[in-house]
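Next up, my_file.txt (compact mmCIF, C-alpha atoms):
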# COMPACT_ATOMS: atom_id res chain seq x y z
CA MET A 565 5.94 -16.19 16.48
CA ASP A 566 2.82 -16.54 18.64
CA ILE A 567 1.19 -13.26 17.62
CA ASP A 568 -1.62 -13.45 20.15
CA ALA A 569 0.84 -13.99 23.01
CA VAL A 570 3.10 -11.19 21.84
CA LEU A 571 0.16 -8.79 21.43
CA SER A 572 -1.23 -9.60 24.87
CA GLY A 573 2.10 -8.62 26.43
CA MET A 574 2.21 -5.19 24.80
CA THR A 575 1.21 -1.92 26.35
CA LEU A 576 -1.22 0.35 24.54
CA ARG A 577 1.63 2.68 23.56
CA GLU A 578 3.67 -0.20 22.18
CA LYS A 579 0.73 -1.31 20.03
CA ALA A 580 0.21 2.25 18.81
CA SER A 581 3.92 2.59 17.99
CA LEU A 582 3.57 -0.21 15.44
CA LEU A 583 1.02 1.84 13.51
CA ALA A 584 3.52 4.48 12.31
CA GLY A 585 6.84 4.17 10.52
CA SER A 586 10.08 4.67 12.43
CA ALA A 587 11.85 6.29 9.46
CA HIS A 588 11.19 7.12 5.81
CA TRP A 589 11.38 3.50 4.61
CA SER A 590 11.04 1.38 7.75
CA THR A 591 8.58 0.30 10.42
CA ALA A 592 8.99 0.55 14.17
CA PRO A 593 10.66 -2.37 15.98
CA LEU A 594 9.73 -3.64 19.43
CA GLU A 595 12.86 -5.44 20.48
CA ARG A 596 11.61 -6.66 23.84
CA HIS A 597 8.83 -8.51 22.02
CA GLY A 598 11.03 -9.82 19.22
CA VAL A 599 9.39 -7.61 16.59
CA ARG A 600 11.98 -6.33 14.11
CA SER A 601 11.81 -3.32 11.83
CA LEU A 602 10.62 -4.01 8.27
CA VAL A 603 12.19 -2.32 5.24
CA LEU A 604 9.96 -0.97 2.46
CA SER A 605 11.13 0.16 -0.95
CA ASP A 606 9.81 1.61 -4.18
CA GLY A 607 9.03 0.44 -6.77
CA PRO A 608 7.24 -1.45 -9.46
CA HIS A 609 9.94 -1.22 -12.17
CA GLY A 610 13.09 -1.75 -10.19
CA LEU A 611 14.02 -1.30 -6.54
CA ARG A 612 14.74 2.23 -5.33
CA HIS A 613 16.27 1.14 -2.06
CA GLN A 614 17.86 4.06 -0.22
CA VAL A 615 20.07 3.08 2.70
CA ASP A 616 21.49 6.49 3.65
CA ALA A 617 19.67 9.82 3.12
CA ALA A 618 16.07 8.99 2.23
CA ASP A 619 13.51 10.96 0.25
CA HIS A 620 10.28 10.20 -1.60
CA LEU A 621 11.43 11.73 -4.93
CA GLY A 622 14.42 9.46 -5.46
CA ILE A 623 16.90 12.35 -5.53
CA ASN A 624 19.32 10.76 -3.09
CA GLU A 625 21.35 7.73 -4.06
CA SER A 626 19.87 4.23 -4.14
CA LEU A 627 21.57 0.87 -4.27
CA PRO A 628 22.14 -0.36 -7.84
CA SER A 629 19.27 -2.48 -9.16
CA THR A 630 17.75 -3.68 -12.41
CA ALA A 631 15.51 -1.26 -14.33
CA PHE A 632 12.65 -3.23 -15.82
CA PRO A 633 10.17 -2.02 -18.45
CA THR A 634 7.46 0.17 -16.96
CA ALA A 635 4.00 -1.26 -16.35
CA SER A 636 2.70 0.66 -19.37
CA ALA A 637 5.24 -1.17 -21.57
CA LEU A 638 4.91 -4.51 -19.78
CA ALA A 639 1.15 -4.58 -20.27
CA CYS A 640 1.63 -4.29 -24.04
CA SER A 641 2.72 -7.92 -23.93
CA PHE A 642 -0.71 -9.03 -22.64
CA ASP A 643 1.31 -11.71 -20.84
CA PRO A 644 0.67 -12.16 -17.09
CA ASP A 645 3.37 -14.83 -16.94
CA LEU A 646 5.92 -12.27 -18.13
CA ALA A 647 4.76 -10.00 -15.31
CA ARG A 648 5.19 -12.92 -12.91
CA ARG A 649 8.78 -13.42 -14.08
CA VAL A 650 9.53 -9.71 -13.64
CA GLY A 651 8.00 -9.95 -10.15
CA ASP A 652 10.16 -12.96 -9.40
CA ALA A 653 13.28 -11.00 -10.37
CA LEU A 654 12.15 -8.02 -8.29
CA GLY A 655 11.54 -10.30 -5.33
CA ALA A 656 14.98 -11.87 -5.70
CA GLU A 657 16.68 -8.46 -5.71
CA ALA A 658 14.59 -7.38 -2.74
CA ARG A 659 15.73 -10.41 -0.75
CA GLU A 660 19.34 -9.71 -1.70
CA GLN A 661 19.07 -6.09 -0.52
CA GLY A 662 17.16 -6.87 2.69
CA VAL A 663 13.88 -5.34 1.51
CA ASP A 664 10.70 -6.79 3.03
CA VAL A 665 8.01 -4.91 1.08
CA VAL A 666 8.07 -3.81 -2.57
CA LEU A 667 5.74 -0.86 -3.10
CA GLY A 668 3.98 -2.02 -6.24
CA PRO A 669 2.45 -2.86 -8.61
CA GLY A 670 0.12 0.06 -9.39
CA VAL A 671 -3.25 -0.78 -10.90
CA ASN A 672 -4.96 2.61 -11.13
CA MET A 673 -6.79 3.20 -14.38
CA LYS A 674 -5.38 5.44 -17.09
CA ARG A 675 -8.20 7.99 -17.40
CA SER A 676 -6.36 11.18 -18.32
CA PRO A 677 -3.22 11.71 -20.46
CA LEU A 678 -2.23 14.38 -17.92
CA CYS A 679 -1.80 11.87 -15.10
CA GLY A 680 1.92 11.96 -14.40
CA ARG A 681 2.00 8.38 -13.14
CA ASN A 682 0.39 6.66 -16.14
CA PHE A 683 3.75 5.04 -16.94
CA GLU A 684 3.62 3.03 -13.72
CA TYR A 685 0.04 1.82 -14.26
CA PHE A 686 -0.72 -1.11 -16.53
CA SER A 687 -3.71 -0.18 -18.59
CA GLU A 688 -6.99 1.59 -19.33
CA ASP A 689 -8.62 -1.82 -19.01
CA PRO A 690 -9.39 -3.21 -15.54
CA LEU A 691 -9.20 -6.85 -16.66
CA LEU A 692 -5.75 -6.48 -18.18
CA ALA A 693 -4.49 -4.42 -15.24
CA GLY A 694 -5.81 -6.99 -12.76
CA ASP A 695 -4.31 -9.94 -14.61
CA MET A 696 -0.88 -8.33 -15.07
CA ALA A 697 -0.79 -7.27 -11.43
CA THR A 698 -1.79 -10.78 -10.35
CA GLY A 699 1.24 -12.18 -12.13
CA MET A 700 3.60 -9.58 -10.67
CA VAL A 701 2.32 -10.07 -7.11
CA GLN A 702 2.66 -13.83 -7.40
CA GLY A 703 6.25 -13.42 -8.59
CA ILE A 704 7.28 -11.00 -5.85
CA GLN A 705 5.62 -12.93 -3.03
CA GLY A 706 6.93 -16.24 -4.34
CA ARG A 707 10.29 -14.97 -3.08
CA GLY A 708 8.91 -14.35 0.41
CA VAL A 709 8.70 -10.58 -0.11
CA ALA A 710 5.46 -8.64 0.31
CA ALA A 711 3.94 -6.84 -2.66
CA CYS A 712 2.00 -3.62 -2.00
CA VAL A 713 -0.75 -3.07 -4.59
CA LYS A 714 -1.50 0.62 -5.06
CA HIS A 715 -3.17 3.16 -4.92
CA LEU A 716 -6.62 2.30 -3.52
CA ALA A 717 -8.52 3.97 -5.10
CA ALA A 718 -9.27 6.28 -8.05
CA ASN A 719 -6.04 8.29 -7.87
CA ASN A 720 -6.11 9.06 -11.57
CA GLN A 721 -4.96 12.64 -12.03
CA GLU A 722 -1.89 14.69 -11.25
CA HIS A 723 -3.44 18.07 -10.47
CA ALA A 724 -3.99 18.31 -6.71
CA ARG A 725 -3.69 14.54 -6.41
CA LEU A 726 -2.97 14.80 -2.68
CA VAL A 727 -6.28 16.51 -1.94
CA SER A 728 -8.56 16.00 -4.96
CA ASP A 729 -11.98 14.38 -4.66
CA SER A 730 -12.78 11.59 -7.13
CA VAL A 731 -16.57 11.66 -7.44
CA ILE A 732 -17.66 8.41 -9.07
CA ASP A 733 -21.02 6.64 -9.14
CA GLU A 734 -21.04 3.13 -7.74
CA GLN A 735 -21.42 1.28 -11.04
CA ALA A 736 -18.41 2.99 -12.62
CA LEU A 737 -16.47 2.65 -9.38
CA ARG A 738 -17.11 -1.09 -9.14
CA GLU A 739 -16.75 -1.93 -12.84
CA ILE A 740 -13.72 0.23 -13.66
CA TYR A 741 -11.78 1.71 -10.75
CA LEU A 742 -12.08 -1.01 -8.11
CA ALA A 743 -12.18 -3.98 -10.49
CA PRO A 744 -8.41 -4.46 -10.92
CA PHE A 745 -7.87 -4.24 -7.16
CA GLU A 746 -10.59 -6.82 -6.54
CA ARG A 747 -9.11 -9.13 -9.16
CA VAL A 748 -5.59 -9.08 -7.75
CA VAL A 749 -6.77 -9.34 -4.13
CA ARG A 750 -8.94 -12.38 -4.83
CA ARG A 751 -6.44 -14.14 -7.12
CA ALA A 752 -2.99 -13.29 -5.76
CA ARG A 753 -3.68 -12.51 -2.08
CA PRO A 754 -1.24 -9.58 -1.76
CA TRP A 755 0.13 -9.12 1.73
CA THR A 756 -0.21 -5.34 1.66
CA ILE A 757 -2.34 -2.65 -0.03
CA MET A 758 -1.53 1.06 -0.28
CA SER A 759 -4.31 3.59 0.25
CA ALA A 760 -4.41 6.61 -2.05
CA TYR A 761 -3.89 10.31 -1.36
CA ASN A 762 -7.20 11.51 -2.72
CA LYS A 763 -10.73 11.65 -1.43
CA LEU A 764 -13.25 9.21 -2.86
CA ASN A 765 -16.76 10.63 -2.96
CA GLY A 766 -15.92 13.17 -0.29
CA GLU A 767 -13.86 11.04 2.10
CA TYR A 768 -10.11 10.51 2.16
CA CYS A 769 -9.27 6.96 1.10
CA SER A 770 -7.03 6.43 4.12
CA GLN A 771 -9.95 7.03 6.49
CA SER A 772 -12.78 5.46 4.51
CA ALA A 773 -14.32 2.62 6.49
CA TRP A 774 -16.54 1.84 3.50
CA LEU A 775 -13.49 1.28 1.30
CA LEU A 776 -10.99 -0.31 3.70
CA ASP A 777 -13.18 -2.28 6.06
CA GLY A 778 -16.34 -2.80 4.05
CA VAL A 779 -15.17 -3.45 0.49
CA LEU A 780 -11.51 -4.46 0.80
CA ARG A 781 -11.73 -6.66 3.89
CA GLY A 782 -15.42 -7.43 4.13
CA GLU A 783 -16.30 -8.14 0.51
CA TRP A 784 -12.99 -9.21 -1.00
CA GLY A 785 -11.56 -11.01 2.03
CA PHE A 786 -8.29 -9.10 2.21
CA ASP A 787 -6.43 -10.10 5.39
CA GLY A 788 -3.18 -8.17 5.00
CA VAL A 789 -1.86 -4.75 5.98
CA VAL A 790 -3.16 -1.42 4.65
CA ILE A 791 -0.36 1.14 4.33
CA SER A 792 -0.90 4.82 3.63
CA ASP A 793 0.77 6.41 0.65
CA TRP A 794 3.64 8.58 1.89
CA GLY A 795 1.95 11.51 3.60
CA ALA A 796 -1.55 10.39 2.59
CA MET A 797 -3.04 10.03 6.06
CA SER A 798 -5.18 13.05 6.90
CA ARG A 799 -6.37 12.37 10.46
CA SER A 800 -5.00 9.74 12.82
CA VAL A 801 -7.98 8.51 14.79
CA PRO A 802 -10.53 8.23 11.93
CA SER A 803 -7.92 6.42 9.84
CA VAL A 804 -7.18 3.76 12.46
CA ALA A 805 -10.90 3.36 13.13
CA ALA A 806 -11.51 2.86 9.40
CA GLY A 807 -8.86 0.15 9.04
CA LEU A 808 -5.58 1.88 8.16
CA ASP A 809 -2.80 -0.18 9.76
CA LEU A 810 0.41 1.71 9.00
CA CYS A 811 0.98 5.44 8.59
CA MET A 812 4.03 6.25 6.45
CA PRO A 813 6.55 7.76 6.48
CA GLY A 814 7.92 8.03 9.98
CA PRO A 815 8.76 8.96 12.58
CA ARG A 816 5.27 10.08 13.58
CA PRO A 817 5.12 10.43 17.39
CA ASP A 818 2.04 12.63 16.90
CA HIS A 819 0.19 9.69 15.36
CA VAL A 820 1.13 7.41 18.25
CA ASP A 821 0.10 10.04 20.81
CA ALA A 822 -3.23 10.66 19.07
CA VAL A 823 -4.09 6.94 19.03
CA VAL A 824 -3.18 6.46 22.70
CA GLU A 825 -5.13 9.53 23.78
CA ALA A 826 -8.19 8.50 21.76
CA VAL A 827 -8.29 5.04 23.35
CA GLU A 828 -7.82 6.45 26.83
CA SER A 829 -10.59 9.02 26.28
CA GLY A 830 -12.97 6.44 24.84
CA THR A 831 -13.16 7.94 21.34
CA LEU A 832 -11.34 5.02 19.68
CA ALA A 833 -12.13 1.38 20.35
CA PRO A 834 -9.15 -0.57 21.76
CA GLY A 835 -10.07 -3.36 19.36
CA ALA A 836 -9.24 -1.17 16.38
CA VAL A 837 -5.70 -0.67 17.69
CA ASP A 838 -5.35 -4.36 18.53
CA ALA A 839 -6.47 -5.38 15.02
CA ALA A 840 -4.06 -3.01 13.30
CA ALA A 841 -1.15 -3.99 15.55
CA GLU A 842 -1.88 -7.67 14.99
CA ARG A 843 -1.91 -7.25 11.22

Using structure tokens, write down the structure from this file.
Amino acid sequence: MDIDAVLSGMTLREKASLLAGSAHWSTAPLERHGVRSLVLSDGPHGLRHQVDAADHLGINESLPSTAFPTASALACSFDPDLARRVGDALGAEAREQGVDVVLGPGVNMKRSPLCGRNFEYFSEDPLLAGDMATGMVQGIQGRGVAACVKHLAANNQEHARLVSDSVIDEQALREIYLAPFERVVRRARPWTIMSAYNKLNGEYCSQSAWLLDGVLRGEWGFDGVVISDWGAMSRSVPSVAAGLDLCMPGPRPDHVDAVVEAVESGTLAPGAVDAAAER
């Protein structure tokens, strides 16, 4: 596909429509431009691919799939090649079930025993987490399926995790919380990254230009798609301006309308929409 040619033939509203999901687990298609819908699925330890009634808690039925050891157990092996083989198996099942993006692995640091998602994170150690995630991403993407490394960044507690503010000085942030993300981005080149629910030093991660544009893309060279955690986007226009590409879940006609109106009023640069639509 000639992406530049396709993009140049799109209207502003068509470009904006690509920036929000069309359903709980899928992206918006643009059939007249040959752009199909992509299917996303949890998760890091076995696909949770729902084809009928969808929900983010996994209450409704999913297609049968292999349940692998959790990241917390997998990391006890200290074996990135084992993680790669698990990723390869995940990628193979994803291809079989028509899944384009596997939402994982998770590389947040284990910092509190009260964090309800510690089981799906690898380690307290950023080096081990980064190395294990590198293997898993390489395995998944070796099958032609995108991995989505999550949750950027510092989403390390359960209490109020959708709105909490992680206040972290830059040395600790760089050496502990961002280090596994940097390692996997530089070494495995994941095709997608998921932004976290929480605020980081007073700003929601999904609308932090410092985090998404400055650090992730500018410093680490990430060239893939940034996807919001499900319901993590706070405000449409600041998020697109900061480098968020895809708001999930959908449908979100309000997001599309807000982006179009902001460009037409001059409060959002058209280039920000073009860049996100292109990615």

query: So which residues are close to (15.7, -4.2, 0.4), meaning at most 7 Å away in the file's coordinates with all atoms listed in the file counted, and can you show them as an MDAnalysis selection string?
result: chainID A and resid 603:605 613 658:664

Export C-alpha atoms of the chosen residues as a PDB file, in the frame of the given file?
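Heads up, here's the output in selection01.pdb:
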ATOM      1  CA  VAL A 603      12.190  -2.320   5.240  1.00  0.00           C
ATOM      2  CA  LEU A 604       9.960  -0.970   2.460  1.00  0.00           C
ATOM      3  CA  SER A 605      11.130   0.160  -0.950  1.00  0.00           C
ATOM      4  CA  HIS A 613      16.270   1.140  -2.060  1.00  0.00           C
ATOM      5  CA  ALA A 658      14.590  -7.380  -2.740  1.00  0.00           C
ATOM      6  CA  ARG A 659      15.730 -10.410  -0.750  1.00  0.00           C
ATOM      7  CA  GLU A 660      19.340  -9.710  -1.700  1.00  0.00           C
ATOM      8  CA  GLN A 661      19.070  -6.090  -0.520  1.00  0.00           C
ATOM      9  CA  GLY A 662      17.160  -6.870   2.690  1.00  0.00           C
ATOM     10  CA  VAL A 663      13.880  -5.340   1.510  1.00  0.00           C
ATOM     11  CA  ASP A 664      10.700  -6.790   3.030  1.00  0.00           C
TER      12      ASP A 664
END

message: So, with only C-alpha atoms as the atoms that count, which of A:Arg751, A:Arg577, A:Lys714, A:Arg738 lies closest to A:Pro817?
response: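 Looking only at the distances to A:Pro817, the closest residue turns out to be A:Arg577.
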
- prompt: If you measure from atom CA of A:Val665 to atom CA of A:Asp606, what distance in Å do you get, rounded to one decimal?
  reply: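 Computing it gives 8.6 Å between the two atoms.
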
- request: Measuring atom to atom with only C-alpha atoms, identify which of A:Val779, A:Ala710, A:Val570, A:Ala697 is nearest to A:Leu602.
  value: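 Ranked by minimum distance to A:Leu602, first place goes to A:Ala710.
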
With a cut-off of 12 Å, could you pull out the residues of stretch 736-761 of chain A touching stretch 771-778 of chain A and give me the nearest pair of atoms for each, distance in Å to one decimal, using all atoms listed in the file, ordered by chain and ascending number, as a Markdown table?
| residue | atom | partner | partner_atom | distance |
| --- | --- | --- | --- | --- |
| A:Leu737 | CA | A:Leu775 | CA | 11.2 |
| A:Arg738 | CA | A:Leu775 | CA | 11.3 |
| A:Leu742 | CA | A:Leu775 | CA | 9.8 |
| A:Phe745 | CA | A:Leu775 | CA | 11.6 |
| A:Glu746 | CA | A:Leu775 | CA | 11.6 |
| A:Ile757 | CA | A:Leu776 | CA | 9.7 |
| A:Met758 | CA | A:Leu776 | CA | 10.4 |
| A:Ser759 | CA | A:Leu776 | CA | 8.5 |
| A:Ala760 | CA | A:Gln771 | CA | 10.2 |
| A:Tyr761 | CA | A:Gln771 | CA | 10.4 |

task: Within 12 Å of A:Asp652, counting all atoms listed in the file, which residues show up once you throw out same-chain ones fewer than 2 positions away? Write them as an NGL selection string, please.
output: :A and (608 or 610 or 632 or 645-650 or 654-659 or 666 or 699-711)

Nearest to A:Asp818, chosen from A:Leu692, A:Val801, A:Ala617, A:Ala833, with all atoms listed in the file counted in the distances: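 Closest to A:Asp818 of all the choices is A:Val801.
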
message: When you look at stretch 587-597 of chain A with a cut-off of 9 Å (counting all atoms listed in the file), what residues show up, excluding the ones that are within fewer than 6 positions of it in the same chain? I need them as a ChimeraX atom specification.
response: /A:570-571,573-574,578,581,603-605,613-615,618-620,794,810,812-816

The residues within 9 Å of (1.0, 2.5, -15.4), using all atoms listed in the file and the coordinates of the file, should be reported as a PDB file with C-alpha atoms, keeping the file's coordinate frame; which are they?
ATOM      1  CA  THR A 634       7.460   0.170 -16.960  1.00  0.00           C
ATOM      2  CA  ALA A 635       4.000  -1.260 -16.350  1.00  0.00           C
ATOM      3  CA  SER A 636       2.700   0.660 -19.370  1.00  0.00           C
ATOM      4  CA  ALA A 637       5.240  -1.170 -21.570  1.00  0.00           C
ATOM      5  CA  ALA A 639       1.150  -4.580 -20.270  1.00  0.00           C
ATOM      6  CA  PRO A 669       2.450  -2.860  -8.610  1.00  0.00           C
ATOM      7  CA  GLY A 670       0.120   0.060  -9.390  1.00  0.00           C
ATOM      8  CA  VAL A 671      -3.250  -0.780 -10.900  1.00  0.00           C
ATOM      9  CA  ASN A 672      -4.960   2.610 -11.130  1.00  0.00           C
ATOM     10  CA  MET A 673      -6.790   3.200 -14.380  1.00  0.00           C
ATOM     11  CA  LYS A 674      -5.380   5.440 -17.090  1.00  0.00           C
ATOM     12  CA  ARG A 681       2.000   8.380 -13.140  1.00  0.00           C
ATOM     13  CA  ASN A 682       0.390   6.660 -16.140  1.00  0.00           C
ATOM     14  CA  PHE A 683       3.750   5.040 -16.940  1.00  0.00           C
ATOM     15  CA  GLU A 684       3.620   3.030 -13.720  1.00  0.00           C
ATOM     16  CA  TYR A 685       0.040   1.820 -14.260  1.00  0.00           C
ATOM     17  CA  PHE A 686      -0.720  -1.110 -16.530  1.00  0.00           C
ATOM     18  CA  SER A 687      -3.710  -0.180 -18.590  1.00  0.00           C
ATOM     19  CA  GLU A 688      -6.990   1.590 -19.330  1.00  0.00           C
ATOM     20  CA  ALA A 693      -4.490  -4.420 -15.240  1.00  0.00           C
TER      21      ALA A 693
END

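Between atom CA of A:Val727 and atom CA of A:Gly694 there is a distance of 25.9 Å.
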
Straight-line distance linking atom CA of A:Cys640 with atom CA of A:Ala736, stated in Å to one decimal: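 Atom CA of A:Ala736 lies at a distance of 24.2 Å from atom CA of A:Cys640.
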
query: With distances taken over all atoms listed in the file, which of A:Leu764, A:Ala717, A:Val824, A:Ile732 is nearest to A:Leu780?
result: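 Looking only at the distances to A:Leu780, the closest residue turns out to be A:Ala717.
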
message: Using all atoms listed in the file for the distances, tell me which of A:Pro834, A:Ala631, A:Asp809, A:Gly598 is nearest to A:Ala569.
response: A:Gly598

Residue nearest A:Tyr768 among A:Ala718, A:Leu667, A:Ala743, A:Val749 (counting all atoms listed in the file): A:Ala718

Any chance you could work out the axis-aligned box around stretch 795-804 of chain A, listed atoms only, 5 Å on each side, giving centre and edge lengths in Å to one decimal, as AutoDock Vina command-line options?
--center_x -4.3 --center_y 8.4 --center_z 8.7 --size_x 22.5 --size_y 19.3 --size_z 22.2
